[in-house]
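Chemist: Structure below; questions to follow.
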Amino acid sequence: MKNKLWSVLLFGIVAITACDESKSHDANSNQITENQKPIIEYVNPFIGTGGHGHTFPGAVIPNGMVQLSPDTRTAGWDACGGYHYTDNSIRGFSHTHLSGTGIGDLGDFLFMPFTGEAKLEPGTPDNPDSGYRSRFSHDNETAIPGYYSVDLLDYKIKAELTASTRVGFHRYSFSNQDERGLIIDLDHNIHDKNVVTSEFKVISDTEISGYKHINGWAQNRHIYFYAKFDQPFIAKLYKEHVEQVNISELKGKDLVAVLNFDNADLKSLKVKVGMSSVDYEGAKNNLIQEVPHWDFDQVKSEAQKTWKKQLSKIAVKGGSEDQKAIFYTGLYHSAMSPYIFNDVDGRYRGMDQGIHVSENNIYTVFSLWDTFRAFHPLLNIIEPDKNDEFVNTLLTIYDNGGILPKWELNANYTGTMTGYHAVPVIVDAYFKGDRKFDVEKAYEAVVHASTYDTIGIRFPSDQVKNHLATKAKWYNETMGYIPSDLVNQSVSKALEYAYNDWCIAQMAKDLGKQEDYEHFMERSMRYKKYFDAKTGFMRGIKEDKTIREPFNPKYSNHGKDDYVEGNAWQWTWFVPHDVDGLVNLMGGNDKFTLKLNELFSTSSDIIGDQSSSDISGLIGQYAHGNEPSHHITHMYNYTEQPWKTQKLTDSIMSSLYFNNPNGLSGNEDCGQMSAWYVLNAMGFYSFCPGDTSYSIGRPIFDNVIINLPNGNQFTVKVKNNSPKNKYVQTLKLNGNQLLQPFFNHDDLKKGGVLEFEMGPIENKSLFN
C-alpha cells in the first residue's frame with residue numbers, strides 16, 4: 001500500500017503556491033453560500049430519529065454537557081436516544097443523551113410540566129392517560145440546532161428548550177386554566193438502568209437540586225443538578241409513590257418531586273438547570289456562570305450563533321437541497337460528542353472517581369471503535385485543536401484510570417467493543433495534527449494498550465477489567481494468535497489488533513524506536529494467519545491450529561461467533577494498513593478484484609437465527625450500517641479500478657442517506673456515520689487513520705471550501721458535476737495532474753485546490 005500512497009508525493013506538487021482560495025478568510029462569510037438560505041437552516045435534527053439511527057432532536061450546543069431532549073421511550077434497542085419518531089407521546093424532557101449509540105444510558109433528571117391533577121407514574125405509550133405523559137404531533141414540533149419546541153396536547157402547554165454548555169433552559173407556555181405543575185422524576189433513565197440511590201434538596205421556593213448514582217452501562221455514574229425557577233412553587237416529595245411530609249430533603253430510590261405553582265394568572269414558566277458530575281456546588285456554579293439572566297431567547301440566539309460558527313467550517317455550493325441538508329446535519333451530528341465533562345471551575349470526576357482540576361477541557365463519551373475511522377480524521381482537518389483536546393483527555397484517562405479506554409462513559413470504563421482504538425486516534429493526531437500533547441506519554445499509553453495487563457486499572461468490575469486488557473493472553477504470550485474455541489470474536493479481534501499494532505509501529509519508527517518498530521510490525525502482519533486460501537476468507541483458528549468448522553461466510557450469531565457485529569464477508573477486508581499484502585494473500589490483483597466485486601454483488605441474505613441487527617445498509621454483503629465496512633469501497637483505488645470506488649460511494653450517498661427521520665442505514669454512533677458522508681461528499685476519505693493519505697472518491701458538490709484553522713482554505717472544485725456524471729475524468733491538485741487517486745494531509749493543510757472534472761463514462765485510463 002505504501003508505494004501507491006506515497007507515489008503521489010513524488011509528483012511535482014511541492015513548492016507550489018496555493019491560489020486565492022487558500023488566503024486568509026472570514027469563516028462566517030463564505031462567498032459560495034450567497035443566495036442560499038442560512039447555513040443553520042440546512043440542519044435537520046430529526047435525521048436518524050427513526051429507523052435505527054438512535055439520534056435525538058433536542059437542544060444542545062457543540063460538545064455540550066447538556067443534551068436537553070424529549071424522551072418518548074426508555075425500553076428496547078430503538079430507545080437508545082430516548083426518542084423515536086414513530087412515537088406519539090412524550091414522557092418528559094431529560095438533560096443528558098447519547099447520540100446514535102447501540103446501547104442506551106443517561107436520560108438524567110426528567111422534567112415534565114402538566115396541568116390538572118398530578119400523576120406520579122409516567123404512563124405507557126399505549127395508554128398515555130395512565131400517567132404524566134402527553135400526546136404530541138409532529139405538526140406542532142420544531143427542532144433546529146440549539147432549540148426544540150413541541151405542543152403537549154393533553155396539557156395545552158407549549159414546551160421550548162435551549163441550552164448552553166452546562167445548562168438546560170426550559171420555557172413553558174400555558175393556555176389551560178387548570179392547576180399548573182411540574183414533575184421531576186429521578187428514577188427515569190434510558191434503558192431503565194439501576195438507580196443505586198438518589199436525592200432531592202428543596203433549597204427555597206424557587207430552587208431545587210438533586211443527585212443520582214446509577215449502575216448502568218457505566219457501572220458507577222454520579223450526576224447532580226441545580227434548578228432555578230422564575231416562579232415560586234410548593235414542593236411535594238414522594239418516595240415509592242408515598243408523599244414524605246414536612247421535609248426538604250429526601251434520599252432513596254424511586255423519588256419524584258411534584259412542584260405546584262399557585263399563580264392563577266401564570267402564563268409562562270421558566271426553569272434553568274445546571275448539571276455537574278462533581279457535586280451540587282458545581283451544578284449551581286455552572287448555572288450562575290453560564291446563564292445568570294432569565295432571557296431564554298438570548299440563550300437560544302447564542303446557541304444558534306455557536307452552531308453557525310461550527311457549521312461554517314465547511315461551505316458547499318451545488319448539489320440538491322436534500323444533499324446539503326444531509327451534509328450539514330452530518331456536520332451537526334459530528335459535533336455532538338465527545339462532550340465537555342468538567343465544570344466551569346475546571347473540576348471533573350476522574351476514572352478513579354476522585355475529583356480533579358484541569359486547566360483544559362476534559363471530555364467524555366468516547367465511542368472509539370466507531371469514531372477512529374472517519375470522525376477523528378474529519379476533526380484533524382477542521383478542528384485539530386479540539387481533537388488534540390480529545391487526545392489529552394484520553395491521556396488523562398490513562399493517568400488516573402490506568403489504561404486507555406475502549407468506550408468511556410462519564411468517568412467509567414465500559415469495556416464495550418474490541419480492539420484498542422484509542423491508538424489510531426492518537427497516532428493519526430500525531431501524524432496529522434499539531435501534537436499539542438505529551439508525545440512520550442502518548443507513546444507509553446499506546447504501547448501499554450497493546451499488552452495484556454489488568455494491574456493498575458481502577459474501579460471497574462473484574463469483567464470490565466478483562467475487556468479493557470484487550471489482548472488475549474495467547475496472542476501476547478504463547479501462541480501468537482487467538483484460538484477461536486477459547487476466545488469469542490477471535491477473528492475480528494485479531495484483525496483489529498494487527499491494525500492497531502501497525503499504528504504503534506509507525507509512531508515508534510517516527511520516534512526512532514527501531515526495536516519497537518520491528519516488534520509491532522511483526523505483530524501487524526499476524527492477520528495473515530487467519531486467511532483461508534481455500535475459501536478466500538478470514539476464518540477462526542482453533543487451539544489445535546485447525547480451521548473452525550462448519551463455515552458459511554454469511555453466517556452471524558451476534559456476540560457468539562468469530563466476528564464482531566458482522567460476518568466473514570464484512571471482516572475479511574479489515575486490513576487497511578496492508579492492502580498490498582491482502583491482495584497477495586488472495587492470489588493477486590485479478591483474484592482480489594473478483595472477490596471484491598462479489599462482495600458487492602452477492603445476495604444480501606444473512607444466515608443465522610441470532611444474526612447481528614447491526615448488519616444493515618446492505619449492498620450485497622457490504623454493510624454500510626455498521627463501521628467495519630466503511631473503508632471497503634475505497635479498496636478499488638488500490639486495485640487500479642478507481643471508477644468502482646467512485647460509483648459505489650455515489651451509490652451509498654444517494655441510496656443509504658436521506659433527509660428524513662429514517663435517513664441513516666444504521667446507528668449514528670457518535671458522529672461516525674455522518675463523518676463518513678461528510679468526507680465522501682467532499683470527494684475523499686481517510687482510508688487508514690495513522691497514514692496521512694486521503695483516498696479519492698466521488699464529490700457531490702460543485703464547490704467545497706474547507707476553512708482551515710490555520711487561516712488557509714482548501715477548495716474542492718468540480719466541473720461538469722451532475723447525478724449522471726459520477727466518474728472522474730481528470731484530477732488535479734493545485735493545477736498538477738495527480739498520478740494516483742490519493743493526496744496527502746500536508747497538501748490539504750497548506751491550502752490549495754483539488755479540481756475534479758466529471759463525466760458519465762468510466763475513465764479506466766485516468767491513473768494508468
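Residue names in the C-alpha cells use chain letters A, B, ... in the order shown, residue numbers from 1 in each chain, and ligand numbers from 1 in the order shown.
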I need the helix (DSSP H, G or I) residues of range 89-294 of chain A per DSSP on the backbone, written as a PyMOL selection string.
Modeler: chain A and resi 128-130+138-140+280-290
Chemist: Residues of range 350-411 of chain A that approach range 460-469 of chain A to 12 Å or less, counting only C-alpha atoms: could you list each one with the shortest pair of atoms and its distance in Å to one decimal, rows by chain and increasing residue number, as a Markdown table?
Modeler:
```
| residue | atom | partner | partner_atom | distance |
| --- | --- | --- | --- | --- |
| A:Met351 | CA | A:Pro460 | CA | 9.2 |
| A:Asp352 | CA | A:Pro460 | CA | 9.3 |
| A:Gln353 | CA | A:Pro460 | CA | 10.6 |
| A:Tyr398 | CA | A:Leu468 | CA | 11.8 |
| A:Gly401 | CA | A:Pro460 | CA | 9.5 |
| A:Gly402 | CA | A:Leu468 | CA | 10.1 |
| A:Ile403 | CA | A:Leu468 | CA | 7.7 |
| A:Leu404 | CA | A:Leu468 | CA | 8.3 |
| A:Pro405 | CA | A:Leu468 | CA | 7.2 |
| A:Lys406 | CA | A:Leu468 | CA | 6.9 |
| A:Trp407 | CA | A:Leu468 | CA | 9.3 |
| A:Glu408 | CA | A:Leu468 | CA | 10.6 |
| A:Ala411 | CA | A:Pro460 | CA | 10.5 |
```
Chemist: For Thr124 in chain A, which residue among A:Arg91, A:Lys284, A:Lys156, A:Arg523 is the nearest when counting only C-alpha atoms?
Modeler: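 Counting only C-alpha atoms, the residue closest to Thr124 in chain A is A:Arg91.
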Chemist: Show me, as a PyMOL selection string, the residues that have an atom within 6 Å of range 556-563 of chain A when counting only C-alpha atoms, minus same-chain residues fewer than 4 positions from it.
Modeler: chain A and resi 489-492+567+608+610-612
Chemist: Could you please take those selected residues and save C-alpha atoms as a JSON list (two decimals), in the first residue's frame?
Modeler:
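Once everything was written out, this is part_16.json:
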```
[["chain", "number", "residue", "atom", "x", "y", "z"],
["A", 489, "GLN", "CA", -14.99, -12.95, 18.26],
["A", 490, "SER", "CA", -11.39, -14.06, 17.73],
["A", 491, "VAL", "CA", -11.04, -13.15, 14.05],
["A", 492, "SER", "CA", -12.29, -9.57, 14.39],
["A", 567, "ASN", "CA", -19.65, -11.92, 9.29],
["A", 608, "GLY", "CA", -28.40, -17.39, 11.40],
["A", 610, "GLN", "CA", -29.45, -14.77, 16.06],
["A", 611, "SER", "CA", -27.72, -12.69, 13.41],
["A", 612, "SER", "CA", -26.48, -9.25, 14.38]]
```
Chemist: Could you pull the residues within 10 Å of range 354-357 of chain A, counting only C-alpha atoms, minus those fewer than 2 positions along the same chain, as an mmCIF file with all heavy atoms, in the first residue's frame?
Modeler:
```cif
data_model
loop_
_atom_site.group_PDB
_atom_site.id
_atom_site.type_symbol
_atom_site.label_atom_id
_atom_site.label_comp_id
_atom_site.auth_asym_id
_atom_site.auth_seq_id
_atom_site.Cartn_x
_atom_site.Cartn_y
_atom_site.Cartn_z
ATOM 1 N N SER A 277 -21.067 16.525 37.186
ATOM 2 C CA SER A 277 -20.741 15.192 37.681
ATOM 3 C C SER A 277 -19.831 15.268 38.897
ATOM 4 O O SER A 277 -19.339 14.233 39.361
ATOM 5 C CB SER A 277 -20.068 14.368 36.571
ATOM 6 O OG SER A 277 -20.992 14.030 35.568
ATOM 7 N N VAL A 278 -19.635 16.469 39.411
ATOM 8 C CA VAL A 278 -18.739 16.671 40.554
ATOM 9 C C VAL A 278 -19.518 16.759 41.857
ATOM 10 O O VAL A 278 -19.365 15.943 42.761
ATOM 11 C CB VAL A 278 -17.878 17.934 40.352
ATOM 12 C CG1 VAL A 278 -17.033 18.228 41.594
ATOM 13 C CG2 VAL A 278 -16.983 17.767 39.132
ATOM 14 N N ASP A 279 -20.389 17.779 41.989
ATOM 15 C CA ASP A 279 -21.155 17.960 43.221
ATOM 16 C C ASP A 279 -22.249 18.999 42.986
ATOM 17 O O ASP A 279 -22.374 19.567 41.892
ATOM 18 C CB ASP A 279 -20.255 18.347 44.400
ATOM 19 C CG ASP A 279 -19.394 19.582 44.154
ATOM 20 O OD1 ASP A 279 -19.767 20.410 43.287
ATOM 21 O OD2 ASP A 279 -18.348 19.727 44.810
ATOM 22 N N ASN A 342 -15.956 18.639 32.391
ATOM 23 C CA ASN A 342 -15.513 19.427 33.541
ATOM 24 C C ASN A 342 -16.447 20.587 33.807
ATOM 25 O O ASN A 342 -17.111 21.105 32.897
ATOM 26 C CB ASN A 342 -14.093 19.956 33.323
ATOM 27 C CG ASN A 342 -13.982 20.823 32.082
ATOM 28 O OD1 ASN A 342 -13.971 20.302 30.966
ATOM 29 N ND2 ASN A 342 -13.915 22.132 32.261
ATOM 30 N N ASP A 343 -16.503 21.024 35.047
ATOM 31 C CA ASP A 343 -17.276 22.203 35.417
ATOM 32 C C ASP A 343 -16.543 23.471 34.988
ATOM 33 O O ASP A 343 -15.380 23.426 34.572
ATOM 34 C CB ASP A 343 -17.517 22.222 36.925
ATOM 35 C CG ASP A 343 -18.469 21.115 37.375
ATOM 36 O OD1 ASP A 343 -19.155 20.532 36.514
ATOM 37 O OD2 ASP A 343 -18.511 20.829 38.593
ATOM 38 N N ASP A 345 -15.253 25.662 36.739
ATOM 39 C CA ASP A 345 -14.068 25.919 37.551
ATOM 40 C C ASP A 345 -12.946 24.922 37.281
ATOM 41 O O ASP A 345 -11.918 24.940 37.971
ATOM 42 C CB ASP A 345 -14.419 25.919 39.042
ATOM 43 C CG ASP A 345 -15.009 24.598 39.526
ATOM 44 O OD1 ASP A 345 -15.038 23.619 38.736
ATOM 45 O OD2 ASP A 345 -15.460 24.537 40.691
ATOM 46 N N GLY A 346 -13.120 24.042 36.292
ATOM 47 C CA GLY A 346 -12.079 23.101 35.909
ATOM 48 C C GLY A 346 -12.129 21.776 36.642
ATOM 49 O O GLY A 346 -11.370 20.863 36.318
ATOM 50 N N ARG A 347 -13.024 21.635 37.602
ATOM 51 C CA ARG A 347 -13.107 20.368 38.327
ATOM 52 C C ARG A 347 -13.837 19.317 37.488
ATOM 53 O O ARG A 347 -14.739 19.628 36.725
ATOM 54 C CB ARG A 347 -13.823 20.554 39.662
ATOM 55 C CG ARG A 347 -13.082 21.426 40.666
ATOM 56 C CD ARG A 347 -13.809 21.453 42.000
ATOM 57 N NE ARG A 347 -15.179 21.908 41.852
ATOM 58 C CZ ARG A 347 -16.186 21.543 42.654
ATOM 59 N NH1 ARG A 347 -15.968 20.721 43.668
ATOM 60 N NH2 ARG A 347 -17.400 22.020 42.452
ATOM 61 N N TYR A 348 -13.428 18.069 37.670
ATOM 62 C CA TYR A 348 -14.075 16.971 36.963
ATOM 63 C C TYR A 348 -13.901 15.686 37.755
ATOM 64 O O TYR A 348 -12.997 15.570 38.597
ATOM 65 C CB TYR A 348 -13.500 16.803 35.552
ATOM 66 C CG TYR A 348 -12.071 16.305 35.528
ATOM 67 C CD1 TYR A 348 -11.774 14.945 35.386
ATOM 68 C CD2 TYR A 348 -11.005 17.192 35.663
ATOM 69 C CE1 TYR A 348 -10.466 14.490 35.380
ATOM 70 C CE2 TYR A 348 -9.693 16.740 35.655
ATOM 71 C CZ TYR A 348 -9.431 15.396 35.515
ATOM 72 O OH TYR A 348 -8.138 14.930 35.517
ATOM 73 N N ARG A 349 -14.756 14.732 37.511
ATOM 74 C CA ARG A 349 -14.653 13.416 38.137
ATOM 75 C C ARG A 349 -13.768 12.540 37.260
ATOM 76 O O ARG A 349 -14.012 12.387 36.063
ATOM 77 C CB ARG A 349 -16.035 12.790 38.308
ATOM 78 C CG ARG A 349 -16.020 11.441 39.052
ATOM 79 C CD ARG A 349 -17.438 10.930 39.259
ATOM 80 N NE ARG A 349 -18.187 11.817 40.132
ATOM 81 C CZ ARG A 349 -18.191 11.760 41.468
ATOM 82 N NH1 ARG A 349 -17.465 10.826 42.084
ATOM 83 N NH2 ARG A 349 -18.905 12.605 42.172
ATOM 84 N N GLY A 350 -12.740 11.961 37.854
ATOM 85 C CA GLY A 350 -11.803 11.148 37.104
ATOM 86 C C GLY A 350 -12.196 9.683 37.069
ATOM 87 O O GLY A 350 -13.140 9.244 37.726
ATOM 88 N N MET A 351 -11.435 8.918 36.313
ATOM 89 C CA MET A 351 -11.689 7.487 36.213
ATOM 90 C C MET A 351 -11.483 6.775 37.544
ATOM 91 O O MET A 351 -12.015 5.685 37.758
ATOM 92 C CB MET A 351 -10.788 6.857 35.153
ATOM 93 C CG MET A 351 -10.908 7.472 33.780
ATOM 94 S SD MET A 351 -12.567 7.353 33.073
ATOM 95 C CE MET A 351 -12.646 5.612 32.667
ATOM 96 N N ASP A 352 -10.720 7.373 38.451
ATOM 97 C CA ASP A 352 -10.537 6.823 39.789
ATOM 98 C C ASP A 352 -11.650 7.264 40.728
ATOM 99 O O ASP A 352 -11.618 6.971 41.927
ATOM 100 C CB ASP A 352 -9.182 7.235 40.356
ATOM 101 C CG ASP A 352 -8.996 8.752 40.384
ATOM 102 O OD1 ASP A 352 -9.921 9.495 39.985
ATOM 103 O OD2 ASP A 352 -7.908 9.196 40.808
ATOM 104 N N GLU A 359 -6.764 22.606 33.843
ATOM 105 C CA GLU A 359 -6.778 23.927 33.206
ATOM 106 C C GLU A 359 -7.417 23.863 31.828
ATOM 107 O O GLU A 359 -7.801 24.895 31.273
ATOM 108 C CB GLU A 359 -5.354 24.466 33.093
ATOM 109 C CG GLU A 359 -4.683 24.742 34.434
ATOM 110 C CD GLU A 359 -3.286 25.297 34.275
ATOM 111 O OE1 GLU A 359 -2.832 25.416 33.112
ATOM 112 O OE2 GLU A 359 -2.649 25.612 35.295
ATOM 113 N N ASN A 360 -7.511 22.663 31.266
ATOM 114 C CA ASN A 360 -8.081 22.481 29.937
ATOM 115 C C ASN A 360 -9.360 21.656 30.031
ATOM 116 O O ASN A 360 -9.613 20.978 31.037
ATOM 117 C CB ASN A 360 -7.074 21.769 29.033
ATOM 118 C CG ASN A 360 -5.753 22.505 28.946
ATOM 119 O OD1 ASN A 360 -5.713 23.700 28.649
ATOM 120 N ND2 ASN A 360 -4.662 21.799 29.232
ATOM 121 N N ASN A 361 -10.138 21.706 28.982
ATOM 122 C CA ASN A 361 -11.383 20.946 28.976
ATOM 123 C C ASN A 361 -11.113 19.452 29.027
ATOM 124 O O ASN A 361 -10.195 18.941 28.379
ATOM 125 C CB ASN A 361 -12.201 21.267 27.728
ATOM 126 C CG ASN A 361 -12.923 22.588 27.822
ATOM 127 O OD1 ASN A 361 -13.315 23.011 28.914
ATOM 128 N ND2 ASN A 361 -13.116 23.254 26.700
ATOM 129 N N ILE A 362 -11.939 18.754 29.804
ATOM 130 C CA ILE A 362 -11.956 17.303 29.862
ATOM 131 C C ILE A 362 -13.260 16.843 29.227
ATOM 132 O O ILE A 362 -14.320 17.434 29.455
ATOM 133 C CB ILE A 362 -11.857 16.801 31.316
ATOM 134 C CG1 ILE A 362 -10.547 17.261 31.950
ATOM 135 C CG2 ILE A 362 -11.985 15.284 31.388
ATOM 136 C CD1 ILE A 362 -9.297 16.671 31.314
ATOM 137 N N ASN A 400 -5.233 8.642 35.321
ATOM 138 C CA ASN A 400 -5.961 8.390 36.570
ATOM 139 C C ASN A 400 -6.883 7.183 36.511
ATOM 140 O O ASN A 400 -7.564 6.873 37.485
ATOM 141 C CB ASN A 400 -6.721 9.651 37.054
ATOM 142 C CG ASN A 400 -7.761 10.146 36.077
ATOM 143 O OD1 ASN A 400 -8.491 9.355 35.498
ATOM 144 N ND2 ASN A 400 -7.840 11.462 35.911
ATOM 145 N N ALA A 411 -16.733 9.056 33.142
ATOM 146 C CA ALA A 411 -15.706 8.613 34.093
ATOM 147 C C ALA A 411 -15.827 7.136 34.413
ATOM 148 O O ALA A 411 -15.508 6.703 35.525
ATOM 149 C CB ALA A 411 -15.750 9.450 35.373
#
```
Chemist: Might you pull out every residue within 10 Å of range 237-244 of chain A, with only C-alpha atoms counted and same-chain residues fewer than 3 positions away left off, and present them as a list in words?
Modeler: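 Within the cut-off, the hits are Lys119, Leu120, Glu121, Ile184, Asp185, Asp187, Phe200, Lys201, Val202, Ile247, Ser248, Glu249, Leu250, Lys251, Gly252, Lys253, Asp254, Leu255, Val256, Ala257, Val258 and Leu259 of chain A.
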Chemist: Generate the output file for the selected residues, C-alpha atoms, as a compact mmCIF listing (two decimals), in the first residue's frame.
Modeler:
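Below is the file that was written, result10.txt:
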```txt
# COMPACT_ATOMS: atom_id res chain seq x y z
CA LYS A 119 -49.69 11.77 38.33
CA LEU A 120 -46.64 10.05 39.76
CA GLU A 121 -46.22 7.35 37.11
CA ILE A 184 -39.17 15.87 38.36
CA ASP A 185 -38.60 12.12 38.16
CA ASP A 187 -36.00 7.26 38.66
CA PHE A 200 -33.71 15.77 46.39
CA LYS A 201 -32.90 19.01 48.19
CA VAL A 202 -35.54 21.76 48.24
CA ILE A 247 -39.21 17.53 54.80
CA SER A 248 -36.98 19.46 52.44
CA GLU A 249 -34.51 16.65 51.71
CA LEU A 250 -35.16 13.09 50.63
CA LYS A 251 -32.87 10.16 49.83
CA GLY A 252 -33.54 6.73 48.38
CA LYS A 253 -34.92 5.15 45.23
CA ASP A 254 -38.00 5.89 43.14
CA LEU A 255 -38.06 9.58 44.06
CA VAL A 256 -40.42 12.07 42.45
CA ALA A 257 -40.91 15.77 43.15
CA VAL A 258 -44.19 17.50 42.30
CA LEU A 259 -43.91 21.27 42.09
```
Chemist: List as CSV every residue of range 365-388 of chain A that is in contact with range 420-444 of chain A, defined as an atom at most 8 Å from one of its atoms (using only C-alpha atoms), together with the nearest atom pair and the distance in Å rounded to one decimal, sorted by chain and then rising number.
Modeler:
```
residue,atom,partner,partner_atom,distance
A:Leu368,CA,A:His421,CA,5.6
A:Trp369,CA,A:His421,CA,5.8
A:Phe372,CA,A:Val425,CA,5.5
A:His376,CA,A:Val425,CA,6.5
A:Pro377,CA,A:Asp428,CA,7.3
A:Asn380,CA,A:Gly433,CA,6.2
A:Pro384,CA,A:Gly433,CA,5.8
A:Asp385,CA,A:Asp434,CA,7.5
A:Asn387,CA,A:Ala429,CA,7.3
A:Asp388,CA,A:Lys436,CA,6.0
```
Chemist: Show me, as number ranges by chain, the residues that have an atom within 12 Å of Asp87 in chain A when counting only C-alpha atoms, minus same-chain residues fewer than 3 positions from it.
Modeler: A: 49-51, 70-74, 78-79, 82-84, 90-91, 124-126, 128, 133-138
Chemist: What's around Glu755 in chain A at 7 Å? Count only C-alpha atoms, leave out sequence neighbours fewer than 4 positions away in its own chain, and write the answer as a compact mmCIF listing (two decimals) with all heavy atoms, in the first residue's frame.
Modeler:
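Once written, out05.txt looks like this:
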```txt
# COMPACT_ATOMS: atom_id res chain seq x y z
N VAL A 716 -12.34 22.31 -3.05
CA VAL A 716 -12.63 21.24 -4.00
C VAL A 716 -13.54 21.82 -5.07
O VAL A 716 -14.65 22.27 -4.77
CB VAL A 716 -13.31 20.03 -3.32
CG1 VAL A 716 -13.60 18.94 -4.34
CG2 VAL A 716 -12.44 19.49 -2.19
N LYS A 717 -13.06 21.85 -6.31
CA LYS A 717 -13.84 22.35 -7.43
C LYS A 717 -14.21 21.18 -8.35
O LYS A 717 -13.35 20.34 -8.65
CB LYS A 717 -13.07 23.40 -8.22
CG LYS A 717 -12.86 24.71 -7.48
CD LYS A 717 -12.21 25.75 -8.38
CE LYS A 717 -12.11 27.09 -7.69
NZ LYS A 717 -11.49 28.13 -8.57
N VAL A 718 -15.45 21.16 -8.78
CA VAL A 718 -15.93 20.03 -9.59
C VAL A 718 -16.59 20.58 -10.85
O VAL A 718 -17.58 21.30 -10.77
CB VAL A 718 -16.92 19.16 -8.79
CG1 VAL A 718 -17.28 17.91 -9.59
CG2 VAL A 718 -16.35 18.78 -7.44
N LEU A 731 -8.13 14.83 -12.71
CA LEU A 731 -7.98 15.19 -11.30
C LEU A 731 -6.67 15.94 -11.13
O LEU A 731 -5.60 15.43 -11.47
CB LEU A 731 -8.00 13.94 -10.42
CG LEU A 731 -7.88 14.16 -8.91
CD1 LEU A 731 -9.07 14.94 -8.37
CD2 LEU A 731 -7.76 12.83 -8.18
N LYS A 732 -6.76 17.16 -10.61
CA LYS A 732 -5.58 18.00 -10.43
C LYS A 732 -5.53 18.54 -9.01
O LYS A 732 -6.57 18.87 -8.42
CB LYS A 732 -5.60 19.16 -11.42
CG LYS A 732 -5.52 18.75 -12.89
CD LYS A 732 -5.58 19.96 -13.80
CE LYS A 732 -5.53 19.55 -15.27
NZ LYS A 732 -5.60 20.74 -16.17
N LEU A 733 -4.33 18.66 -8.50
CA LEU A 733 -4.08 19.31 -7.22
C LEU A 733 -3.19 20.51 -7.49
O LEU A 733 -2.06 20.36 -7.98
CB LEU A 733 -3.41 18.35 -6.24
CG LEU A 733 -3.08 18.92 -4.86
CD1 LEU A 733 -4.34 19.37 -4.14
CD2 LEU A 733 -2.32 17.90 -4.01
```
Chemist: Which value, in Å to one decimal, gives the distance between CA of Leu766 in chain A and CA of Asn744 in chain A?
Modeler: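 Separation between CA of Leu766 in chain A and CA of Asn744 in chain A: 18.7 Å.
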Chemist: If you take only C-alpha atoms and a cut-off of 8 Å, which residues of range 54-167 of chain A touch range 326-340 of chain A, and what are their nearest atom pairs and distances in Å to one decimal, in chain and number order, as CSV?
Modeler:
```
residue,atom,partner,partner_atom,distance
A:Val60,CA,A:Met336,CA,7.7
A:Ile61,CA,A:Met336,CA,7.5
A:Pro62,CA,A:Ala335,CA,5.2
A:Asn63,CA,A:Tyr339,CA,4.1
A:Gly64,CA,A:Tyr339,CA,5.3
A:Met65,CA,A:Ile340,CA,5.2
A:Ser99,CA,A:Met336,CA,7.1
A:Pro145,CA,A:Tyr332,CA,7.9
A:Thr165,CA,A:Ile340,CA,7.7
```
Chemist: Using Å and a single decimal, report how far CA of Asp516 in chain A sits from CA of Pro576 in chain A.
Modeler: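 If I compute the distance from CA of Pro576 in chain A to CA of Asp516 in chain A, I get 20.7 Å.
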Chemist: When you count only C-alpha atoms, which of these residues is closest to Ala218 in chain A: A:Phe520, A:Tyr413, A:Phe169, A:Trp573?
Modeler: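 Going through A:Phe520, A:Tyr413, A:Phe169, A:Trp573 one by one, the smallest distance to Ala218 in chain A is for A:Tyr413.
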Chemist: What does the structure give for the distance between CA of Ile234 in chain A and CA of Ile208 in chain A, in Å to one decimal?
Modeler: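 For CA of Ile234 in chain A relative to CA of Ile208 in chain A, the distance reads 10.9 Å.
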